[in-house]
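J.: Below is a structure I'd like to ask you about.
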Amino acid sequence: MIRIDLHVHTIFSGDATISPKFIVNQLYSHPFIKGVAITDHDTLEGYDRVRKLAATYEDVLIIPGIEVSTQWGHINILGVEEKPRDWLTIERVIDFARERGGVIVIPHPYRGSSMGERMRDIPADAIEVFNPHSTYEQNKMAEKMAKAKNLPGVAGSDAHDPREMWAAYTEVKAEPSVEAVLNAIRKGLTKAKSARQP
Ligand SMILES: [Zn+2]
Ligand SMILES: [Zn+2]
């Protein structure tokens, strides 16, 4: 089993202040969270930096990710080291992820605009059922959606600031490799966790 914060932003997101070096240092010294998915807004630059910096550390797992902006809201793709060219249509983003074997996660489905109910029709692999930036009700609704769609629930801190890191994470029943973790998420071998109420 490995504990992974599946939703972290770096300075390359444009709206975040977390440096790649800080993430690697924090992950290395964290007592039990040993993996992170870098999910910057529409870029993989932050992931590339983190991956390179982490290469010299043992026992830390860096998962490639991207939080893609679509006309309906954000979609997280895990496991793909390439960014889509077309930012606009959600159909294209889904195809892009599918063609490359990525795991599609709907983050914070009920936060922001009215994307929540539309997200019901998206062929996702998992739903983010706990996001510390969402309200209690929004997280509860996300959990309900996951149950209704029979999809695995995952969690991540959605940290944009160093102090927000690791506030939520996912327990994944898998060996610490990107491939194994992605497969385990697809199979639903996940448990969404809040660091505040373990
Ligand atoms: Zn988002
Ligand atoms: Zn985010």
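If you're wondering about the labels, chains in the structure tokens are A, B, ... by order shown, residues count from 1 in each chain, ligands from 1 in order shown.
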Among the residues of chain A, find those DSSP assigns to helix (DSSP H, G or I) from the backbone and print them as JSON, numbers by chain.
T.: {"A": [11, 12, 13, 20, 21, 22, 23, 24, 25, 26, 27, 28, 29, 45, 46, 47, 48, 49, 50, 51, 52, 53, 54, 90, 91, 92, 93, 94, 95, 96, 97, 98, 99, 115, 116, 117, 118, 119, 136, 137, 138, 139, 140, 141, 142, 143, 144, 145, 146, 147, 148, 149, 162, 163, 164, 178, 179, 180, 181, 182, 183, 184, 185, 186, 187]}
J.: When you look at Lys193 of chain A with a cut-off of 7 Å (counting only C-alpha atoms), what residues show up, excluding the ones that are within fewer than 3 positions of it in the same chain? I need them as a ChimeraX atom specification.
T.: /A:155,168-170,198
J.: Using only C-alpha atoms and all ligand atoms, which residue out of A:Pro132, A:Gly188, A:Gly153, A:Pro31 lies closest to ligand 2?
T.: A:Pro132
J.: What's around Asp42 of chain A at 9 Å? Count only C-alpha atoms, leave out sequence neighbours fewer than 2 positions away in its own chain, and write the answer as number ranges by chain.
T.: A: 13, 39-40, 44, 66-69, 83-84, 87
J.: Take the selection from the previous step and output its residues with N, CA and C atoms, as an mmCIF file, in the first residue's frame.
T.:
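Result file selection.cif:
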```
data_model
loop_
_atom_site.group_PDB
_atom_site.id
_atom_site.type_symbol
_atom_site.label_atom_id
_atom_site.label_comp_id
_atom_site.auth_asym_id
_atom_site.auth_seq_id
_atom_site.Cartn_x
_atom_site.Cartn_y
_atom_site.Cartn_z
ATOM 1 N N SER A 13 1.904 26.229 -12.495
ATOM 2 C CA SER A 13 0.464 26.388 -12.701
ATOM 3 C C SER A 13 0.098 27.855 -12.897
ATOM 4 N N THR A 39 -0.260 17.851 -10.731
ATOM 5 C CA THR A 39 -1.399 18.120 -11.614
ATOM 6 C C THR A 39 -1.523 19.618 -11.859
ATOM 7 N N ASP A 40 -0.533 20.166 -12.557
ATOM 8 C CA ASP A 40 -0.583 21.597 -12.853
ATOM 9 C C ASP A 40 -1.660 21.899 -13.884
ATOM 10 N N LEU A 44 2.948 20.444 -18.176
ATOM 11 C CA LEU A 44 3.674 19.342 -17.539
ATOM 12 C C LEU A 44 5.066 19.781 -17.089
ATOM 13 N N ILE A 66 -1.965 16.135 -15.141
ATOM 14 C CA ILE A 66 -2.258 17.464 -15.670
ATOM 15 C C ILE A 66 -3.721 17.765 -15.361
ATOM 16 N N GLU A 67 -3.995 18.993 -14.947
ATOM 17 C CA GLU A 67 -5.380 19.414 -14.718
ATOM 18 C C GLU A 67 -5.787 20.245 -15.919
ATOM 19 N N VAL A 68 -6.582 19.632 -16.766
ATOM 20 C CA VAL A 68 -6.937 20.261 -18.030
ATOM 21 C C VAL A 68 -8.194 21.113 -17.861
ATOM 22 N N SER A 69 -8.121 22.323 -18.397
ATOM 23 C CA SER A 69 -9.287 23.205 -18.372
ATOM 24 C C SER A 69 -10.150 22.908 -19.590
ATOM 25 N N LYS A 83 0.855 16.905 -23.097
ATOM 26 C CA LYS A 83 -0.360 17.688 -22.865
ATOM 27 C C LYS A 83 -1.209 17.788 -24.118
ATOM 28 N N PRO A 84 -2.525 17.833 -23.934
ATOM 29 C CA PRO A 84 -3.385 17.911 -25.120
ATOM 30 C C PRO A 84 -3.256 19.269 -25.796
ATOM 31 N N TRP A 87 -7.686 22.523 -25.835
ATOM 32 C CA TRP A 87 -8.090 22.751 -24.454
ATOM 33 C C TRP A 87 -9.603 22.803 -24.313
#
```
J.: At a cut-off of 12 Å and counting only C-alpha atoms and all ligand atoms, what residues surround ligand 1? Please answer as a JSON list (two decimals) with N, CA, C and O atoms, in the first residue's frame.
T.:
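The resulting out-v5.json:
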```json
[["chain", "number", "residue", "atom", "x", "y", "z"],
["A", 7, "HIS", "N", -3.12, 15.29, -6.05],
["A", 7, "HIS", "CA", -3.52, 16.57, -6.66],
["A", 7, "HIS", "C", -2.67, 17.70, -6.07],
["A", 7, "HIS", "O", -3.06, 18.29, -5.06],
["A", 8, "VAL", "N", -1.55, 18.01, -6.71],
["A", 8, "VAL", "CA", -0.66, 19.08, -6.20],
["A", 8, "VAL", "C", -0.22, 19.97, -7.37],
["A", 8, "VAL", "O", 0.08, 19.50, -8.46],
["A", 9, "HIS", "N", -0.21, 21.28, -7.11],
["A", 9, "HIS", "CA", 0.21, 22.27, -8.11],
["A", 9, "HIS", "C", 1.59, 22.82, -7.80],
["A", 9, "HIS", "O", 1.97, 22.93, -6.63],
["A", 13, "SER", "N", 1.90, 26.23, -12.50],
["A", 13, "SER", "CA", 0.46, 26.39, -12.70],
["A", 13, "SER", "C", 0.10, 27.86, -12.90],
["A", 13, "SER", "O", -0.98, 28.17, -13.38],
["A", 15, "ASP", "N", -0.88, 29.93, -10.76],
["A", 15, "ASP", "CA", -1.63, 30.42, -9.59],
["A", 15, "ASP", "C", -1.17, 29.72, -8.31],
["A", 15, "ASP", "O", -1.87, 29.74, -7.31],
["A", 16, "ALA", "N", 0.02, 29.11, -8.36],
["A", 16, "ALA", "CA", 0.50, 28.38, -7.18],
["A", 16, "ALA", "C", 1.92, 28.82, -6.83],
["A", 16, "ALA", "O", 2.65, 29.36, -7.67],
["A", 39, "THR", "N", -0.26, 17.85, -10.73],
["A", 39, "THR", "CA", -1.40, 18.12, -11.61],
["A", 39, "THR", "C", -1.52, 19.62, -11.86],
["A", 39, "THR", "O", -2.48, 20.25, -11.42],
["A", 40, "ASP", "N", -0.53, 20.17, -12.56],
["A", 40, "ASP", "CA", -0.58, 21.60, -12.85],
["A", 40, "ASP", "C", -1.66, 21.90, -13.88],
["A", 40, "ASP", "O", -2.06, 21.03, -14.66],
["A", 41, "HIS", "N", -2.09, 23.16, -13.89],
["A", 41, "HIS", "CA", -3.09, 23.59, -14.87],
["A", 41, "HIS", "C", -2.44, 23.63, -16.25],
["A", 41, "HIS", "O", -1.57, 24.46, -16.52],
["A", 42, "ASP", "N", -2.84, 22.73, -17.11],
["A", 42, "ASP", "CA", -2.51, 22.76, -18.53],
["A", 42, "ASP", "C", -1.01, 22.78, -18.86],
["A", 42, "ASP", "O", -0.62, 23.28, -19.91],
["A", 66, "ILE", "N", -1.97, 16.13, -15.14],
["A", 66, "ILE", "CA", -2.26, 17.46, -15.67],
["A", 66, "ILE", "C", -3.72, 17.77, -15.36],
["A", 66, "ILE", "O", -4.56, 16.87, -15.42],
["A", 67, "GLU", "N", -3.99, 18.99, -14.95],
["A", 67, "GLU", "CA", -5.38, 19.41, -14.72],
["A", 67, "GLU", "C", -5.79, 20.25, -15.92],
["A", 67, "GLU", "O", -5.34, 21.37, -16.09],
["A", 68, "VAL", "N", -6.58, 19.63, -16.77],
["A", 68, "VAL", "CA", -6.94, 20.26, -18.03],
["A", 68, "VAL", "C", -8.19, 21.11, -17.86],
["A", 68, "VAL", "O", -9.18, 20.68, -17.28],
["A", 69, "SER", "N", -8.12, 22.32, -18.40],
["A", 69, "SER", "CA", -9.29, 23.21, -18.37],
["A", 69, "SER", "C", -10.15, 22.91, -19.59],
["A", 69, "SER", "O", -9.66, 22.96, -20.71],
["A", 70, "THR", "N", -11.40, 22.59, -19.35],
["A", 70, "THR", "CA", -12.32, 22.34, -20.46],
["A", 70, "THR", "C", -13.48, 23.31, -20.34],
["A", 70, "THR", "O", -13.58, 24.06, -19.37],
["A", 72, "TRP", "N", -16.36, 22.69, -19.54],
["A", 72, "TRP", "CA", -17.22, 22.32, -18.43],
["A", 72, "TRP", "C", -16.55, 22.40, -17.08],
["A", 72, "TRP", "O", -17.19, 22.25, -16.04],
["A", 73, "GLY", "N", -15.25, 22.53, -17.10],
["A", 73, "GLY", "CA", -14.54, 22.55, -15.83],
["A", 73, "GLY", "C", -13.25, 21.77, -15.93],
["A", 73, "GLY", "O", -12.80, 21.45, -17.03],
["A", 74, "HIS", "N", -12.67, 21.48, -14.79],
["A", 74, "HIS", "CA", -11.37, 20.82, -14.77],
["A", 74, "HIS", "C", -11.49, 19.30, -14.87],
["A", 74, "HIS", "O", -12.40, 18.71, -14.30],
["A", 75, "ILE", "N", -10.53, 18.71, -15.58],
["A", 75, "ILE", "CA", -10.42, 17.24, -15.66],
["A", 75, "ILE", "C", -8.97, 16.89, -15.37],
["A", 75, "ILE", "O", -8.07, 17.48, -15.97],
["A", 76, "ASN", "N", -8.74, 15.99, -14.47],
["A", 76, "ASN", "CA", -7.37, 15.56, -14.20],
["A", 76, "ASN", "C", -7.07, 14.27, -14.96],
["A", 76, "ASN", "O", -7.84, 13.32, -14.91],
["A", 77, "ILE", "N", -5.92, 14.29, -15.63],
["A", 77, "ILE", "CA", -5.45, 13.08, -16.32],
["A", 77, "ILE", "C", -4.17, 12.65, -15.63],
["A", 77, "ILE", "O", -3.23, 13.43, -15.48],
["A", 105, "VAL", "N", -9.65, 11.50, -13.85],
["A", 105, "VAL", "CA", -10.23, 11.79, -12.54],
["A", 105, "VAL", "C", -11.02, 13.09, -12.65],
["A", 105, "VAL", "O", -10.52, 14.08, -13.18],
["A", 106, "ILE", "N", -12.24, 13.08, -12.14],
["A", 106, "ILE", "CA", -13.00, 14.34, -12.08],
["A", 106, "ILE", "C", -12.70, 14.98, -10.73],
["A", 106, "ILE", "O", -13.09, 14.46, -9.69],
["A", 107, "PRO", "N", -11.98, 16.12, -10.73],
["A", 107, "PRO", "CA", -11.66, 16.76, -9.47],
["A", 107, "PRO", "C", -12.81, 17.68, -9.02],
["A", 107, "PRO", "O", -13.53, 18.21, -9.85],
["A", 108, "HIS", "N", -12.94, 17.83, -7.73],
["A", 108, "HIS", "CA", -13.94, 18.75, -7.15],
["A", 108, "HIS", "C", -15.15, 18.98, -8.05],
["A", 108, "HIS", "O", -15.41, 20.11, -8.46],
["A", 109, "PRO", "N", -15.93, 17.92, -8.33],
["A", 109, "PRO", "CA", -17.00, 18.06, -9.33],
["A", 109, "PRO", "C", -18.06, 19.11, -9.00],
["A", 109, "PRO", "O", -18.70, 19.62, -9.92],
["A", 110, "TYR", "N", -18.22, 19.43, -7.75],
["A", 110, "TYR", "CA", -19.31, 20.36, -7.41],
["A", 110, "TYR", "C", -18.82, 21.75, -7.01],
["A", 110, "TYR", "O", -19.59, 22.55, -6.53],
["A", 111, "ARG", "N", -17.53, 22.02, -7.24],
["A", 111, "ARG", "CA", -17.05, 23.35, -6.88],
["A", 111, "ARG", "C", -17.11, 24.26, -8.10],
["A", 111, "ARG", "O", -16.94, 23.80, -9.22],
["A", 112, "GLY", "N", -17.34, 25.53, -7.88],
["A", 112, "GLY", "CA", -17.33, 26.47, -8.99],
["A", 112, "GLY", "C", -18.64, 26.47, -9.74],
["A", 112, "GLY", "O", -19.70, 26.38, -9.13],
["A", 113, "SER", "N", -18.55, 26.53, -11.06],
["A", 113, "SER", "CA", -19.76, 26.66, -11.88],
["A", 113, "SER", "C", -20.65, 25.43, -11.73],
["A", 113, "SER", "O", -20.46, 24.58, -10.88],
["A", 115, "MET", "N", -20.85, 22.71, -13.20],
["A", 115, "MET", "CA", -20.39, 21.54, -13.95],
["A", 115, "MET", "C", -20.80, 20.22, -13.32],
["A", 115, "MET", "O", -20.84, 19.20, -13.98],
["A", 128, "GLU", "N", -12.79, 12.57, -7.54],
["A", 128, "GLU", "CA", -12.16, 13.12, -6.34],
["A", 128, "GLU", "C", -13.26, 13.39, -5.31],
["A", 128, "GLU", "O", -14.05, 14.31, -5.47],
["A", 131, "ASN", "N", -11.66, 16.94, -1.34],
["A", 131, "ASN", "CA", -10.76, 18.02, -1.73],
["A", 131, "ASN", "C", -10.89, 19.08, -0.64],
["A", 131, "ASN", "O", -11.98, 19.58, -0.39],
["A", 132, "PRO", "N", -9.79, 19.38, 0.07],
["A", 132, "PRO", "CA", -9.88, 20.28, 1.23],
["A", 132, "PRO", "C", -10.35, 21.69, 0.88],
["A", 132, "PRO", "O", -10.77, 22.43, 1.78],
["A", 133, "HIS", "N", -10.32, 22.07, -0.40],
["A", 133, "HIS", "CA", -10.79, 23.40, -0.79],
["A", 133, "HIS", "C", -12.29, 23.43, -1.04],
["A", 133, "HIS", "O", -12.87, 24.49, -1.20],
["A", 134, "SER", "N", -12.89, 22.27, -1.11],
["A", 134, "SER", "CA", -14.33, 22.21, -1.32],
["A", 134, "SER", "C", -15.03, 22.23, 0.04],
["A", 134, "SER", "O", -14.43, 21.93, 1.07],
["A", 156, "GLY", "N", -6.91, 14.33, -2.94],
["A", 156, "GLY", "CA", -5.64, 15.03, -3.05],
["A", 156, "GLY", "C", -5.81, 16.39, -2.43],
["A", 156, "GLY", "O", -6.94, 16.87, -2.25],
["A", 157, "SER", "N", -4.69, 17.02, -2.07],
["A", 157, "SER", "CA", -4.77, 18.28, -1.35],
["A", 157, "SER", "C", -5.19, 19.45, -2.25],
["A", 157, "SER", "O", -5.70, 20.44, -1.77],
["A", 158, "ASP", "N", -4.96, 19.34, -3.58],
["A", 158, "ASP", "CA", -5.16, 20.46, -4.50],
["A", 158, "ASP", "C", -4.38, 21.67, -3.98],
["A", 158, "ASP", "O", -4.84, 22.81, -4.09],
["A", 159, "ALA", "N", -3.21, 21.38, -3.41],
["A", 159, "ALA", "CA", -2.40, 22.44, -2.81],
["A", 159, "ALA", "C", -1.88, 23.40, -3.87],
["A", 159, "ALA", "O", -1.41, 22.99, -4.93],
["A", 160, "HIS", "N", -2.01, 24.70, -3.58],
["A", 160, "HIS", "CA", -1.43, 25.75, -4.41],
["A", 160, "HIS", "C", -0.37, 26.49, -3.59],
["A", 160, "HIS", "O", 0.40, 27.28, -4.12]]
```
J.: I'd like the contact shell of Pro64 of chain A - 10 Å cut-off, only C-alpha atoms, skipping same-chain residues fewer than 2 positions apart - returned as a VMD selection string.
T.: chain A and resid 6 36 to 40 44 46 to 48 50 to 51 61 to 62 66 77 to 82 102 178
J.: For ligand 2, which of A:Asn25, A:Arg49, A:Thr56, A:Asp5 is the closest residue, counting only C-alpha atoms and all ligand atoms?
T.: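 Nearest candidate to ligand 2 out of A:Asn25, A:Arg49, A:Thr56, A:Asp5: A:Asp5.
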J.: Excluding same-chain residues fewer than 4 positions from Ser19 of chain A, what lies within 8 Å of it counting only C-alpha atoms, as a PDB file with C-alpha atoms, in the first residue's frame?
T.:
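Okay, out-v3.pdb is ready:
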```pdb
ATOM      1  CA  THR A  10       3.626  23.852  -8.649  1.00  0.00           C
ATOM      2  CA  ILE A  11       4.682  27.381  -9.570  1.00  0.00           C
ATOM      3  CA  ILE A  23       7.715  19.068  -3.065  1.00  0.00           C
TER       4      ILE A  23
END
```
J.: Tell me, in Å to one decimal, how far atom CA of Gly35 of chain A is from atom CA of Pro176 of chain A.
T.: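 We find that atom CA of Gly35 of chain A and atom CA of Pro176 of chain A lie 8.1 Å from each other.
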J.: Tell me, as a ChimeraX atom specification, which residues lie within 7 Å of segment 145-151 of chain A, counting only C-alpha atoms; anything in the same chain fewer than 6 positions away does not count.
T.: /A:125-127
J.: Kindly export the residues of the current selection with all heavy atoms, as a short mmCIF file (atom, residue, chain, number, x, y, z; two decimals), in the first residue's frame.
T.:
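File written: again-v6.cif
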```cif
data_model
loop_
_atom_site.label_atom_id
_atom_site.label_comp_id
_atom_site.auth_asym_id
_atom_site.auth_seq_id
_atom_site.Cartn_x
_atom_site.Cartn_y
_atom_site.Cartn_z
N ASP A 125 -12.53 7.49 -14.76
CA ASP A 125 -12.06 6.30 -14.05
C ASP A 125 -12.24 6.45 -12.55
O ASP A 125 -12.32 5.46 -11.83
CB ASP A 125 -10.58 6.06 -14.35
CG ASP A 125 -10.34 5.80 -15.82
OD1 ASP A 125 -10.86 4.79 -16.31
OD2 ASP A 125 -9.64 6.60 -16.47
N ALA A 126 -12.26 7.69 -12.07
CA ALA A 126 -12.36 7.93 -10.63
C ALA A 126 -12.89 9.34 -10.38
O ALA A 126 -12.83 10.20 -11.26
CB ALA A 126 -11.01 7.75 -9.96
N ILE A 127 -13.40 9.53 -9.19
CA ILE A 127 -13.92 10.85 -8.80
C ILE A 127 -13.16 11.31 -7.56
O ILE A 127 -12.92 10.51 -6.64
CB ILE A 127 -15.42 10.75 -8.46
CG1 ILE A 127 -16.15 10.06 -9.60
CG2 ILE A 127 -15.99 12.12 -8.08
CD1 ILE A 127 -17.27 10.76 -10.22
#
```
J.: Within 9 Å of Glu171 of chain A, counting only C-alpha atoms, which residues qualify if same-chain residues fewer than 6 places away don't, as an MDAnalysis selection string?
T.: chainID A and resid 1:5 154:155 189:193
J.: Go ahead and save the residues from that selection, with N, CA, C and O atoms, as a PDB file, in the first residue's frame.
T.:
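Result saved to part-v9.pdb:
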```pdb
ATOM      1  N   MET A   1       0.840  -1.197   0.000  1.00  0.00           N
ATOM      2  CA  MET A   1       0.000   0.000   0.000  1.00  0.00           C
ATOM      3  C   MET A   1       0.877   1.248   0.000  1.00  0.00           C
ATOM      4  O   MET A   1       1.910   1.291   0.644  1.00  0.00           O
ATOM      5  N   ILE A   2       0.445   2.224  -0.757  1.00  0.00           N
ATOM      6  CA  ILE A   2       1.190   3.483  -0.789  1.00  0.00           C
ATOM      7  C   ILE A   2       0.212   4.648  -0.633  1.00  0.00           C
ATOM      8  O   ILE A   2      -0.912   4.580  -1.134  1.00  0.00           O
ATOM      9  N   ARG A   3       0.643   5.671   0.100  1.00  0.00           N
ATOM     10  CA  ARG A   3      -0.197   6.859   0.302  1.00  0.00           C
ATOM     11  C   ARG A   3       0.298   7.967  -0.619  1.00  0.00           C
ATOM     12  O   ARG A   3       1.485   8.305  -0.592  1.00  0.00           O
ATOM     13  N   ILE A   4      -0.643   8.480  -1.399  1.00  0.00           N
ATOM     14  CA  ILE A   4      -0.282   9.446  -2.443  1.00  0.00           C
ATOM     15  C   ILE A   4      -1.207  10.660  -2.406  1.00  0.00           C
ATOM     16  O   ILE A   4      -2.426  10.513  -2.355  1.00  0.00           O
ATOM     17  N   ASP A   5      -0.602  11.843  -2.434  1.00  0.00           N
ATOM     18  CA  ASP A   5      -1.384  13.064  -2.639  1.00  0.00           C
ATOM     19  C   ASP A   5      -1.563  13.183  -4.153  1.00  0.00           C
ATOM     20  O   ASP A   5      -0.607  13.452  -4.877  1.00  0.00           O
ATOM     21  N   VAL A 154     -11.068   9.070  -4.947  1.00  0.00           N
ATOM     22  CA  VAL A 154      -9.686   9.417  -4.627  1.00  0.00           C
ATOM     23  C   VAL A 154      -9.660  10.785  -3.958  1.00  0.00           C
ATOM     24  O   VAL A 154     -10.670  11.488  -3.929  1.00  0.00           O
ATOM     25  N   ALA A 155      -8.480  11.143  -3.414  1.00  0.00           N
ATOM     26  CA  ALA A 155      -8.350  12.439  -2.763  1.00  0.00           C
ATOM     27  C   ALA A 155      -6.963  13.007  -2.979  1.00  0.00           C
ATOM     28  O   ALA A 155      -5.997  12.275  -3.195  1.00  0.00           O
ATOM     29  N   LEU A 189      -9.006   0.134  -5.949  1.00  0.00           N
ATOM     30  CA  LEU A 189      -8.278  -0.246  -4.738  1.00  0.00           C
ATOM     31  C   LEU A 189      -7.764   1.014  -4.042  1.00  0.00           C
ATOM     32  O   LEU A 189      -6.564   1.175  -3.799  1.00  0.00           O
ATOM     33  N   THR A 190      -8.693   1.914  -3.751  1.00  0.00           N
ATOM     34  CA  THR A 190      -8.329   3.225  -3.218  1.00  0.00           C
ATOM     35  C   THR A 190      -9.163   3.573  -1.992  1.00  0.00           C
ATOM     36  O   THR A 190     -10.282   3.078  -1.837  1.00  0.00           O
ATOM     37  N   LYS A 191      -8.596   4.426  -1.184  1.00  0.00           N
ATOM     38  CA  LYS A 191      -9.321   4.963  -0.042  1.00  0.00           C
ATOM     39  C   LYS A 191      -8.957   6.438   0.071  1.00  0.00           C
ATOM     40  O   LYS A 191      -7.776   6.771   0.196  1.00  0.00           O
ATOM     41  N   ALA A 192      -9.960   7.306   0.006  1.00  0.00           N
ATOM     42  CA  ALA A 192      -9.704   8.745   0.113  1.00  0.00           C
ATOM     43  C   ALA A 192      -9.527   9.111   1.580  1.00  0.00           C
ATOM     44  O   ALA A 192     -10.321   8.705   2.423  1.00  0.00           O
ATOM     45  N   LYS A 193      -8.493   9.891   1.870  1.00  0.00           N
ATOM     46  CA  LYS A 193      -8.190  10.211   3.266  1.00  0.00           C
ATOM     47  C   LYS A 193      -7.990  11.707   3.459  1.00  0.00           C
ATOM     48  O   LYS A 193      -7.414  12.391   2.621  1.00  0.00           O
TER      49      LYS A 193
END
```
J.: As a list in words, list the residues of segment 105-136 of chain A assigned to strand (DSSP E or B) by DSSP on the backbone atoms of this structure.
T.: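 Strand (DSSP E or B) members of segment 105-136 of chain A, listed: Val105, Ile106, Ala126, Ile127, Glu128, Val129 and Phe130 of chain A.
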J.: Can I get the selected residues back with N, CA and C atoms, as a short mmCIF file (atom, residue, chain, number, x, y, z; two decimals), in the first residue's frame?
T.:
```
data_model
loop_
_atom_site.label_atom_id
_atom_site.label_comp_id
_atom_site.auth_asym_id
_atom_site.auth_seq_id
_atom_site.Cartn_x
_atom_site.Cartn_y
_atom_site.Cartn_z
N VAL A 105 -9.65 11.50 -13.85
CA VAL A 105 -10.23 11.79 -12.54
C VAL A 105 -11.02 13.09 -12.65
N ILE A 106 -12.24 13.08 -12.14
CA ILE A 106 -13.00 14.34 -12.08
C ILE A 106 -12.70 14.98 -10.73
N ALA A 126 -12.26 7.69 -12.07
CA ALA A 126 -12.36 7.93 -10.63
C ALA A 126 -12.89 9.34 -10.38
N ILE A 127 -13.40 9.53 -9.19
CA ILE A 127 -13.92 10.85 -8.80
C ILE A 127 -13.16 11.31 -7.56
N GLU A 128 -12.79 12.57 -7.54
CA GLU A 128 -12.16 13.12 -6.34
C GLU A 128 -13.26 13.39 -5.31
N VAL A 129 -13.30 12.53 -4.30
CA VAL A 129 -14.40 12.62 -3.33
C VAL A 129 -14.04 13.43 -2.11
N PHE A 130 -12.75 13.77 -1.98
CA PHE A 130 -12.37 14.69 -0.92
C PHE A 130 -11.32 15.66 -1.43
#
```
J.: Using Å and a single decimal, report how far atom CA of Glu179 of chain A sits from atom CA of Thr89 of chain A.
T.: 27.4 Å
J.: Which of these residues is nearest to Leu27 of chain A, using only C-alpha atoms: A:Trp166, A:Asp95, A:Gly101, A:Ala195?
T.: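 For Leu27 of chain A, the nearest of the given residues is A:Trp166.
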J.: Considering only C-alpha atoms and all ligand atoms, can you say which of A:Glu45, A:Lys173, A:Glu164, A:Val103 comes closest to ligand 2?
T.: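 For ligand 2, the nearest of the candidates is A:Glu164.
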